[in-house]
2 protein chains.
Amino acid sequence: MASGQTSHAPHNQPGRPREFDLDTAVDDAIGVFRERGYHATSISDLGAATGLTTGSLYKAFGDKRGVFLAAFDRYVSLRHAALRDVLDSQPNGREKVRAMLRFYAEASHGDEGCRGCLVVSSAMVLATLDAEMAARVEAAMRHAESLLRRLIRAGQGDGSIASDISVSATARALLAVLQGLRVIGKSGRSRRDMLAVADRALLLLG
Amino acid sequence: MASGQTSHAPHNQPGRPREFDLDTAVDDAIGVFRERGYHATSISDLGAATGLTTGSLYKAFGDKRGVFLAAFDRYVSLRHAALRDVLDSQPNGREKVRAMLRFYAEASHGDEGCRGCLVVSSAMVLATLDAEMAARVEAAMRHAESLLRRLIRAGQGDGSIASDISVSATARALLAVLQGLRVIGKSGRSRRDMLAVADRALLLLG
DNA sequence: TTGATTGTAGAACAATTGTTCTCTAATATG
DNA sequence: CATATTAGAGAACAATTGTTCTACAATCAA
């Protein structure tokens with residue numbers, strides 16, 4: 001196998017130890033699912049991308065849907081963690097909103113933009129077919145929306161955002177912009193154009 | 001067959017006349033493709049939805065991809081025609097933009113919103129896999145974007161939109177909102193909320 | 001060592017996929 | 001009428017799908 005030799009250190013767990021790193025495998029799966037979507041991705045695609053055999057995949061994830069759910073969850077948590085890092089370094093509410101818009105714009109241009117967003121594509125093709133997936137998509141969206149509400153309120157608190165605007169309507173409008181960026185970013189937009197859209201969207205703050 | 005008796009009027013064309021209406025069949029196909037997406041829709045799904053047999057489908061459309069392309073094209077042209085009707089009755093550029101936003105908001109709530117948009121879902125899952133589909137998606141997006149630019153310029157001409165704003169950046173930001181509406185509309189939003197987003201998005205005009 | 005347990009490899013499997021083929025029916029033209 | 005041409009119904013087909021199964025390997029605990 002590509003991963004090289006097996007670790008011979010004790011594991012304190014019964015049975016043969018896993019030869020591959022789970023997170024790495026899930027990262028590979030994220031790549032295929034982003035490019036091909038759920039239904040166009042076959043088990044052999046996943047095997048080719050991860051370097052694992054059918055048997056290992058099924059032992060580790062149960063079935064194809066299990067691989068996807070693991071990929072989806074990891075994708076969402078990685079993106080949220082990266083976003084949090086970006087937001088933490090911003091001075092006030094308005095700048096946090098700007099940074100969030102730019103964070104999405106950065107992910108929505110060029111090759112990375114073409115690879116697409118697992119949340120948006122799942123929303124479009126899995127929400128109707130799989131109740132559990134629909135719930136996860138909705139949770140991810142709700143998370144982003146409530147984060148936006150918090151940022152807006154913070155901005156109203158620190159004076160960087162007008163206090164007479166509707167928090168919920170503004171947050172929803174910003175959420176639409178964010179998801180829209182991922183959609184139009186699928187057709188190879190330039191970084192400059194997407195960042196311009198992000199900055200323009202700040203007008204929604206007041 | 002469900003379509004009833006065959007028309008016995010002369011057709012001035014050789015061969016047995018088609019027993020079903022092409023546009024009706026394509027409309028049915030649009031319904032399945034919107035709900036299930038391209039890859040999760042099988043020929044039998046299409047047969048069930050249209051009431052046609054495999055043979056008839058292949059005679060009429062060549063293959064599954066042909067059915068989808070016909071559905072996509074008809075979906076786009078129907079939507080554009082409906083949009084044009086709405087825009088024509090608006091007095092000025094700003095109101096036309098508002099009407100366009102509301103047109104998308106109306107399509108993005110409740111059951112209709114859950115059924116989704118063929119352009120957006122194609123953008124997310126087919127753009128990477130099928131060059132011709134990618135081209136059609138891009139054409140549809142460009143069309144909407146250039147329409148927005150024209151509406152903005154019209155508004156600047158009739159005084160309803162400030163003349164010092166960047167037409168292209170504003171049009172792109174509005175396009176992002178429109179596509180974003182279709183994404184978040186997949187998780188059952190209320191009509192009121194979506195219309196509020198549409199109105200809020202008018203802030204992008206300056 | 002022995003046994004239990006878990007992972008790996010890949011063959012095997014049933015079901016479904018998209019597509020083609022065959023046969024028959026319906027029309028236009030001569 | 002006969003012939004050409006197209007449509008309809010559905011059986012047939014090869015390929016692929018997701019999944020399971022079997023044999024073997026590697027670890028822990030005793």
# chains A, B, ... in the order shown; residues from 1 in each chain; ligands from 1
>>> closest_atom_pairs(of="chain B", to="chain D", cutoff="7 Å", atoms="only C-alpha atoms (C1' of nucleotides)", output="Markdown table")
| residue | atom | partner | partner_atom | distance |
| --- | --- | --- | --- | --- |
| B:Pro14 | CA | D:DT5 | C1' | 5.5 |
| B:Gly15 | CA | D:DT6 | C1' | 3.8 |
| B:Arg16 | CA | D:DT6 | C1' | 4.9 |
| B:Pro17 | CA | D:DA7 | C1' | 6.5 |
| B:Arg18 | CA | D:DA7 | C1' | 5.9 |
| B:Thr53 | CA | D:DA9 | C1' | 6.8 |
| B:Gly55 | CA | D:DG8 | C1' | 7.0 |
| B:Ser56 | CA | D:DG8 | C1' | 6.3 |
>>> write_last_selection(atoms="C-alpha atoms", output="PDB file, in the first residue's frame")
ATOM      1  CA  PRO B  14     -43.838  10.312 -43.580  1.00  0.00           C
ATOM      2  CA  GLY B  15     -44.165   7.658 -40.937  1.00  0.00           C
ATOM      3  CA  ARG B  16     -46.356   7.089 -37.953  1.00  0.00           C
ATOM      4  CA  PRO B  17     -47.193  10.302 -36.116  1.00  0.00           C
ATOM      5  CA  ARG B  18     -46.055  10.789 -32.527  1.00  0.00           C
ATOM      6  CA  THR B  53     -41.778   3.729 -22.776  1.00  0.00           C
ATOM      7  CA  GLY B  55     -38.332   3.070 -26.839  1.00  0.00           C
ATOM      8  CA  SER B  56     -40.308   6.263 -27.257  1.00  0.00           C
TER       9      SER B  56
END
>>> select_by_dssp(residues="chain B", states="helix (DSSP H, G or I)", output="PDB file with C-alpha atoms, in the first residue's frame")
ATOM      1  CA  LEU B  22     -43.241  16.679 -26.917  1.00  0.00           C
ATOM      2  CA  ASP B  23     -43.475  19.790 -24.762  1.00  0.00           C
ATOM      3  CA  THR B  24     -45.677  18.035 -22.226  1.00  0.00           C
ATOM      4  CA  ALA B  25     -43.178  15.193 -21.986  1.00  0.00           C
ATOM      5  CA  VAL B  26     -40.324  17.645 -21.512  1.00  0.00           C
ATOM      6  CA  ASP B  27     -42.311  19.426 -18.828  1.00  0.00           C
ATOM      7  CA  ASP B  28     -42.691  16.124 -17.011  1.00  0.00           C
ATOM      8  CA  ALA B  29     -38.973  15.492 -17.370  1.00  0.00           C
ATOM      9  CA  ILE B  30     -38.242  18.916 -15.920  1.00  0.00           C
ATOM     10  CA  GLY B  31     -40.204  17.906 -12.855  1.00  0.00           C
ATOM     11  CA  VAL B  32     -38.186  14.736 -12.205  1.00  0.00           C
ATOM     12  CA  PHE B  33     -34.843  16.322 -12.946  1.00  0.00           C
ATOM     13  CA  ARG B  34     -35.595  19.187 -10.593  1.00  0.00           C
ATOM     14  CA  GLU B  35     -36.513  16.807  -7.803  1.00  0.00           C
ATOM     15  CA  ARG B  36     -33.890  14.116  -8.268  1.00  0.00           C
ATOM     16  CA  ILE B  43     -34.699   6.139 -17.505  1.00  0.00           C
ATOM     17  CA  SER B  44     -37.466   4.339 -15.656  1.00  0.00           C
ATOM     18  CA  ASP B  45     -38.028   7.450 -13.542  1.00  0.00           C
ATOM     19  CA  LEU B  46     -38.411   9.406 -16.751  1.00  0.00           C
ATOM     20  CA  GLY B  47     -40.694   6.755 -18.182  1.00  0.00           C
ATOM     21  CA  ALA B  48     -42.880   6.860 -15.075  1.00  0.00           C
ATOM     22  CA  ALA B  49     -43.023  10.650 -15.086  1.00  0.00           C
ATOM     23  CA  THR B  50     -43.775  11.070 -18.775  1.00  0.00           C
ATOM     24  CA  THR B  54     -38.038   3.404 -23.095  1.00  0.00           C
ATOM     25  CA  GLY B  55     -38.332   3.070 -26.839  1.00  0.00           C
ATOM     26  CA  SER B  56     -40.308   6.263 -27.257  1.00  0.00           C
ATOM     27  CA  LEU B  57     -37.932   8.211 -25.057  1.00  0.00           C
ATOM     28  CA  TYR B  58     -34.920   7.093 -27.043  1.00  0.00           C
ATOM     29  CA  LYS B  59     -36.683   7.695 -30.368  1.00  0.00           C
ATOM     30  CA  ALA B  60     -37.547  11.214 -29.337  1.00  0.00           C
ATOM     31  CA  PHE B  61     -34.443  12.309 -27.428  1.00  0.00           C
ATOM     32  CA  LYS B  64     -30.839  10.287 -21.255  1.00  0.00           C
ATOM     33  CA  ARG B  65     -28.548  13.238 -21.719  1.00  0.00           C
ATOM     34  CA  GLY B  66     -30.723  14.345 -24.631  1.00  0.00           C
ATOM     35  CA  VAL B  67     -33.790  14.325 -22.412  1.00  0.00           C
ATOM     36  CA  PHE B  68     -31.955  16.414 -19.876  1.00  0.00           C
ATOM     37  CA  LEU B  69     -30.697  18.933 -22.402  1.00  0.00           C
ATOM     38  CA  ALA B  70     -34.215  19.348 -23.765  1.00  0.00           C
ATOM     39  CA  ALA B  71     -35.518  19.782 -20.220  1.00  0.00           C
ATOM     40  CA  PHE B  72     -32.809  22.257 -19.350  1.00  0.00           C
ATOM     41  CA  ASP B  73     -33.359  24.358 -22.470  1.00  0.00           C
ATOM     42  CA  ARG B  74     -37.100  24.429 -22.019  1.00  0.00           C
ATOM     43  CA  TYR B  75     -36.805  25.236 -18.336  1.00  0.00           C
ATOM     44  CA  VAL B  76     -34.496  28.164 -19.051  1.00  0.00           C
ATOM     45  CA  SER B  77     -36.594  29.571 -21.857  1.00  0.00           C
ATOM     46  CA  LEU B  78     -39.845  29.255 -19.908  1.00  0.00           C
ATOM     47  CA  ARG B  79     -38.335  31.010 -16.924  1.00  0.00           C
ATOM     48  CA  HIS B  80     -36.857  33.751 -19.061  1.00  0.00           C
ATOM     49  CA  ALA B  81     -40.156  34.315 -20.810  1.00  0.00           C
ATOM     50  CA  ALA B  82     -42.006  34.541 -17.512  1.00  0.00           C
ATOM     51  CA  LEU B  83     -39.410  36.923 -16.173  1.00  0.00           C
ATOM     52  CA  ARG B  84     -39.658  39.121 -19.234  1.00  0.00           C
ATOM     53  CA  ASP B  85     -43.413  39.394 -18.725  1.00  0.00           C
ATOM     54  CA  VAL B  86     -42.896  40.549 -15.164  1.00  0.00           C
ATOM     55  CA  LEU B  87     -40.246  43.087 -16.072  1.00  0.00           C
ATOM     56  CA  ASP B  88     -42.222  44.632 -18.896  1.00  0.00           C
ATOM     57  CA  GLY B  93     -34.983  50.424 -13.757  1.00  0.00           C
ATOM     58  CA  ARG B  94     -35.072  50.199  -9.991  1.00  0.00           C
ATOM     59  CA  GLU B  95     -38.535  48.642 -10.010  1.00  0.00           C
ATOM     60  CA  LYS B  96     -37.426  46.186 -12.667  1.00  0.00           C
ATOM     61  CA  VAL B  97     -34.555  45.073 -10.463  1.00  0.00           C
ATOM     62  CA  ARG B  98     -36.919  44.770  -7.529  1.00  0.00           C
ATOM     63  CA  ALA B  99     -39.325  42.741  -9.630  1.00  0.00           C
ATOM     64  CA  MET B 100     -36.528  40.428 -10.742  1.00  0.00           C
ATOM     65  CA  LEU B 101     -35.469  39.845  -7.153  1.00  0.00           C
ATOM     66  CA  ARG B 102     -39.065  39.136  -6.193  1.00  0.00           C
ATOM     67  CA  PHE B 103     -39.467  36.827  -9.176  1.00  0.00           C
ATOM     68  CA  TYR B 104     -36.639  34.669  -7.818  1.00  0.00           C
ATOM     69  CA  ALA B 105     -37.921  34.981  -4.260  1.00  0.00           C
ATOM     70  CA  GLU B 106     -41.342  33.768  -5.356  1.00  0.00           C
ATOM     71  CA  GLY B 110     -42.315  26.573  -0.003  1.00  0.00           C
ATOM     72  CA  ASP B 111     -42.781  23.535  -2.188  1.00  0.00           C
ATOM     73  CA  GLU B 112     -41.683  25.281  -5.358  1.00  0.00           C
ATOM     74  CA  GLY B 113     -38.496  26.373  -3.624  1.00  0.00           C
ATOM     75  CA  CYS B 114     -37.824  22.818  -2.483  1.00  0.00           C
ATOM     76  CA  ARG B 115     -38.140  21.540  -6.027  1.00  0.00           C
ATOM     77  CA  LEU B 118     -32.280  23.248 -12.792  1.00  0.00           C
ATOM     78  CA  VAL B 119     -29.626  25.829 -13.573  1.00  0.00           C
ATOM     79  CA  VAL B 120     -28.191  25.971 -10.074  1.00  0.00           C
ATOM     80  CA  SER B 121     -28.163  22.222  -9.532  1.00  0.00           C
ATOM     81  CA  SER B 122     -26.605  21.705 -12.945  1.00  0.00           C
ATOM     82  CA  ALA B 123     -23.989  24.293 -12.123  1.00  0.00           C
ATOM     83  CA  MET B 124     -23.121  22.446  -8.938  1.00  0.00           C
ATOM     84  CA  VAL B 125     -22.949  18.873 -10.203  1.00  0.00           C
ATOM     85  CA  ALA B 131     -18.430  20.545 -21.002  1.00  0.00           C
ATOM     86  CA  GLU B 132     -21.556  21.181 -23.048  1.00  0.00           C
ATOM     87  CA  MET B 133     -23.687  21.408 -19.932  1.00  0.00           C
ATOM     88  CA  ALA B 134     -21.163  23.739 -18.378  1.00  0.00           C
ATOM     89  CA  ALA B 135     -21.457  25.966 -21.428  1.00  0.00           C
ATOM     90  CA  ARG B 136     -25.245  26.073 -21.150  1.00  0.00           C
ATOM     91  CA  VAL B 137     -25.126  26.852 -17.458  1.00  0.00           C
ATOM     92  CA  GLU B 138     -22.630  29.612 -18.091  1.00  0.00           C
ATOM     93  CA  ALA B 139     -24.794  30.994 -20.883  1.00  0.00           C
ATOM     94  CA  ALA B 140     -27.816  31.096 -18.600  1.00  0.00           C
ATOM     95  CA  MET B 141     -25.798  32.858 -15.916  1.00  0.00           C
ATOM     96  CA  ARG B 142     -24.311  35.334 -18.360  1.00  0.00           C
ATOM     97  CA  HIS B 143     -27.779  36.048 -19.661  1.00  0.00           C
ATOM     98  CA  ALA B 144     -29.082  36.880 -16.207  1.00  0.00           C
ATOM     99  CA  GLU B 145     -26.016  38.937 -15.440  1.00  0.00           C
ATOM    100  CA  SER B 146     -26.200  40.998 -18.603  1.00  0.00           C
ATOM    101  CA  LEU B 147     -29.914  41.471 -18.085  1.00  0.00           C
ATOM    102  CA  LEU B 148     -29.136  42.889 -14.648  1.00  0.00           C
ATOM    103  CA  ARG B 149     -26.558  45.211 -16.158  1.00  0.00           C
ATOM    104  CA  ARG B 150     -29.114  46.467 -18.647  1.00  0.00           C
ATOM    105  CA  LEU B 151     -31.688  47.034 -15.934  1.00  0.00           C
ATOM    106  CA  ILE B 152     -29.182  48.955 -13.844  1.00  0.00           C
ATOM    107  CA  ARG B 153     -28.177  51.151 -16.765  1.00  0.00           C
ATOM    108  CA  ALA B 154     -31.833  51.739 -17.535  1.00  0.00           C
ATOM    109  CA  GLY B 155     -32.336  52.803 -13.947  1.00  0.00           C
ATOM    110  CA  GLN B 156     -29.403  55.143 -14.179  1.00  0.00           C
ATOM    111  CA  GLY B 157     -30.944  56.594 -17.328  1.00  0.00           C
ATOM    112  CA  ASP B 158     -34.371  57.178 -15.814  1.00  0.00           C
ATOM    113  CA  VAL B 167     -22.691  48.574 -13.045  1.00  0.00           C
ATOM    114  CA  SER B 168     -20.770  45.333 -13.405  1.00  0.00           C
ATOM    115  CA  ALA B 169     -19.953  44.840  -9.720  1.00  0.00           C
ATOM    116  CA  THR B 170     -23.528  45.598  -8.744  1.00  0.00           C
ATOM    117  CA  ALA B 171     -24.929  43.255 -11.372  1.00  0.00           C
ATOM    118  CA  ARG B 172     -22.670  40.451 -10.173  1.00  0.00           C
ATOM    119  CA  ALA B 173     -23.636  41.028  -6.567  1.00  0.00           C
ATOM    120  CA  LEU B 174     -27.300  40.907  -7.507  1.00  0.00           C
ATOM    121  CA  LEU B 175     -26.689  37.737  -9.511  1.00  0.00           C
ATOM    122  CA  ALA B 176     -25.152  36.167  -6.420  1.00  0.00           C
ATOM    123  CA  VAL B 177     -28.247  37.080  -4.418  1.00  0.00           C
ATOM    124  CA  LEU B 178     -30.534  35.562  -7.050  1.00  0.00           C
ATOM    125  CA  GLN B 179     -28.670  32.259  -7.153  1.00  0.00           C
ATOM    126  CA  GLY B 180     -28.333  32.304  -3.374  1.00  0.00           C
ATOM    127  CA  LEU B 181     -32.089  32.634  -3.040  1.00  0.00           C
ATOM    128  CA  ARG B 182     -32.510  29.375  -4.948  1.00  0.00           C
ATOM    129  CA  VAL B 183     -30.016  27.644  -2.702  1.00  0.00           C
ATOM    130  CA  ILE B 184     -31.458  28.676   0.627  1.00  0.00           C
ATOM    131  CA  GLY B 185     -34.946  28.197  -0.783  1.00  0.00           C
ATOM    132  CA  LYS B 186     -34.241  24.460  -0.930  1.00  0.00           C
ATOM    133  CA  SER B 187     -34.731  24.241   2.811  1.00  0.00           C
ATOM    134  CA  ARG B 191     -42.617  33.477   1.342  1.00  0.00           C
ATOM    135  CA  ARG B 192     -42.437  36.441   3.679  1.00  0.00           C
ATOM    136  CA  ASP B 193     -38.791  35.816   4.576  1.00  0.00           C
ATOM    137  CA  MET B 194     -37.705  35.419   0.994  1.00  0.00           C
ATOM    138  CA  LEU B 195     -39.501  38.557  -0.119  1.00  0.00           C
ATOM    139  CA  ALA B 196     -37.847  40.425   2.738  1.00  0.00           C
ATOM    140  CA  VAL B 197     -34.467  39.277   1.457  1.00  0.00           C
ATOM    141  CA  ALA B 198     -35.371  40.414  -2.038  1.00  0.00           C
ATOM    142  CA  ASP B 199     -36.319  43.875  -0.840  1.00  0.00           C
ATOM    143  CA  ARG B 200     -33.251  44.086   1.381  1.00  0.00           C
ATOM    144  CA  ALA B 201     -31.073  43.270  -1.632  1.00  0.00           C
ATOM    145  CA  LEU B 202     -32.166  46.545  -3.234  1.00  0.00           C
ATOM    146  CA  LEU B 203     -29.624  48.191  -0.957  1.00  0.00           C
ATOM    147  CA  LEU B 204     -27.039  46.859  -3.389  1.00  0.00           C
ATOM    148  CA  LEU B 205     -28.236  49.482  -5.847  1.00  0.00           C
TER     149      LEU B 205
END
>>> atom_distance(atom1="CA of Gly37 (chain A)", atom2="C1' of DC13 (chain C)")
26.3 Å
>>> atom_distance(atom1="CA of Ala40 (chain A)", atom2="CA of Leu126 (chain B)")
9.5 Å
>>> interface_residues(of="chain C", to="chain A", cutoff="7 Å", atoms="only C-alpha atoms (C1' of nucleotides)", output="list of chain:residue names")
C:DT5, C:DT6, C:DG7, C:DT8
>>> write_last_selection(atoms="N, CA and C atoms (P, O5', C5', C4', C3', O3' and C1' of nucleotides)", output="tab-separated table (two decimals), in the first residue's frame")
chain	number	residue	atom	x	y	z
C	5	DT	P	-14.24	-11.89	20.52
C	5	DT	O5'	-13.44	-10.79	19.69
C	5	DT	C5'	-12.48	-9.97	20.35
C	5	DT	C4'	-11.77	-9.09	19.34
C	5	DT	C3'	-12.70	-8.54	18.25
C	5	DT	O3'	-12.57	-7.14	18.21
C	5	DT	C1'	-10.74	-9.46	17.30
C	6	DT	P	-13.74	-6.26	17.52
C	6	DT	O5'	-12.92	-5.62	16.32
C	6	DT	C5'	-11.70	-4.90	16.61
C	6	DT	C4'	-10.82	-4.90	15.39
C	6	DT	C3'	-11.51	-4.39	14.12
C	6	DT	O3'	-10.87	-3.21	13.68
C	6	DT	C1'	-10.20	-6.33	13.72
C	7	DG	P	-11.31	-2.50	12.33
C	7	DG	O5'	-10.15	-2.99	11.34
C	7	DG	C5'	-8.81	-2.64	11.65
C	7	DG	C4'	-7.90	-3.05	10.51
C	7	DG	C3'	-8.31	-2.52	9.14
C	7	DG	O3'	-7.14	-2.14	8.42
C	7	DG	C1'	-8.26	-4.90	9.10
C	8	DT	P	-7.23	-1.53	7.02
C	8	DT	O5'	-6.95	-2.79	6.09
C	8	DT	C5'	-5.68	-3.42	6.15
C	8	DT	C4'	-5.56	-4.42	5.01
C	8	DT	C3'	-5.98	-3.90	3.64
C	8	DT	O3'	-4.96	-4.20	2.72
C	8	DT	C1'	-7.08	-5.94	4.13
>>> atom_distance(atom1="CA of Ser160 (chain B)", atom2="CA of Ile165 (chain A)")
22.5 Å
>>> closest_residue(among="A:Ser108, A:Asn12, A:Gln90, A:Ser42", to="Arg189 (chain A)", atoms="only C-alpha atoms")
A:Ser108
>>> closest_residue(among="A:His39, A:Asp130, A:Gly159, A:Gly188", to="chain B", atoms="only C-alpha atoms")
A:His39
